[in-house]
Amino acid sequence: MNLRDKDSALIFDYCFGCAEQEQVSQASVLISSNPQALEFLNGIACFLERLSYLRNEKCPDRLVEMTIARLKLASIMKGKVPQGHYSSPAS
């Protein structure tokens, strides 16, 4: 059984603790019934474990704003988001 993009996204949300309760249940069933889902989960866990030595530092607000502005611009340039959809970042 192949792992669909939707299933991968569900497992990511599950791993990072941002899944809703119903999604947690769906992910648990998927992981217990699909060997590829379990392998994907273990791969994410292994990757995250390797990053555990890094210090958790707060990202400066200005960097966050600039990053979001660039992502918005990239989306607009690729035609994925209508130009008037986003407001400009606060200065």
# chains A, B, ... in the order shown; residues from 1 in each chain; ligands from 1
$ select_by_dssp --residues "region 5-38 of chain A" --states "helix (DSSP H, G or I)" --output "PyMOL selection string"
chain A and resi 5-15+21-33+35-38
$ write_last_selection --atoms "C-alpha atoms" --output "mmCIF file, in the first residue's frame"
data_model
loop_
_atom_site.group_PDB
_atom_site.id
_atom_site.type_symbol
_atom_site.label_atom_id
_atom_site.label_comp_id
_atom_site.auth_asym_id
_atom_site.auth_seq_id
_atom_site.Cartn_x
_atom_site.Cartn_y
_atom_site.Cartn_z
ATOM 1 C CA ASP A 5 0.524 12.931 0.113
ATOM 2 C CA LYS A 6 -2.541 13.360 2.325
ATOM 3 C CA ASP A 7 -1.330 10.540 4.575
ATOM 4 C CA SER A 8 2.186 11.988 4.751
ATOM 5 C CA ALA A 9 0.758 15.365 5.790
ATOM 6 C CA LEU A 10 -1.370 13.660 8.445
ATOM 7 C CA ILE A 11 1.694 11.910 9.875
ATOM 8 C CA PHE A 12 3.676 15.175 9.872
ATOM 9 C CA ASP A 13 0.895 16.900 11.820
ATOM 10 C CA TYR A 14 0.788 13.936 14.194
ATOM 11 C CA CYS A 15 4.570 14.067 14.772
ATOM 12 C CA GLN A 21 -7.987 14.660 18.072
ATOM 13 C CA GLU A 22 -9.768 13.058 15.101
ATOM 14 C CA GLN A 23 -6.580 13.336 13.040
ATOM 15 C CA VAL A 24 -4.560 11.748 15.852
ATOM 16 C CA SER A 25 -6.944 8.786 15.748
ATOM 17 C CA GLN A 26 -6.689 8.583 11.944
ATOM 18 C CA ALA A 27 -2.891 8.737 12.096
ATOM 19 C CA SER A 28 -2.763 6.007 14.739
ATOM 20 C CA VAL A 29 -4.904 3.701 12.610
ATOM 21 C CA LEU A 30 -2.851 4.490 9.507
ATOM 22 C CA ILE A 31 0.464 3.875 11.290
ATOM 23 C CA SER A 32 -0.718 0.586 12.776
ATOM 24 C CA SER A 33 -2.130 -0.703 9.477
ATOM 25 C CA PRO A 35 4.076 -0.445 7.078
ATOM 26 C CA GLN A 36 5.050 2.515 4.883
ATOM 27 C CA ALA A 37 3.308 4.907 7.283
ATOM 28 C CA LEU A 38 5.245 3.392 10.193
#
$ closest_residue --among "A:Ala69, A:Leu3, A:Val64, A:Leu54" --to "Glu39 (chain A)" --atoms "only C-alpha atoms"
A:Leu3
$ atom_distance --atom1 "CA of Phe16 (chain A)" --atom2 "CA of Ala45 (chain A)"
9.9 Å
$ atom_distance --atom1 "CA of Met77 (chain A)" --atom2 "CA of Glu65 (chain A)"
18.2 Å
$ atom_distance --atom1 "CA of Glu20 (chain A)" --atom2 "CA of Glu57 (chain A)"
26.4 Å
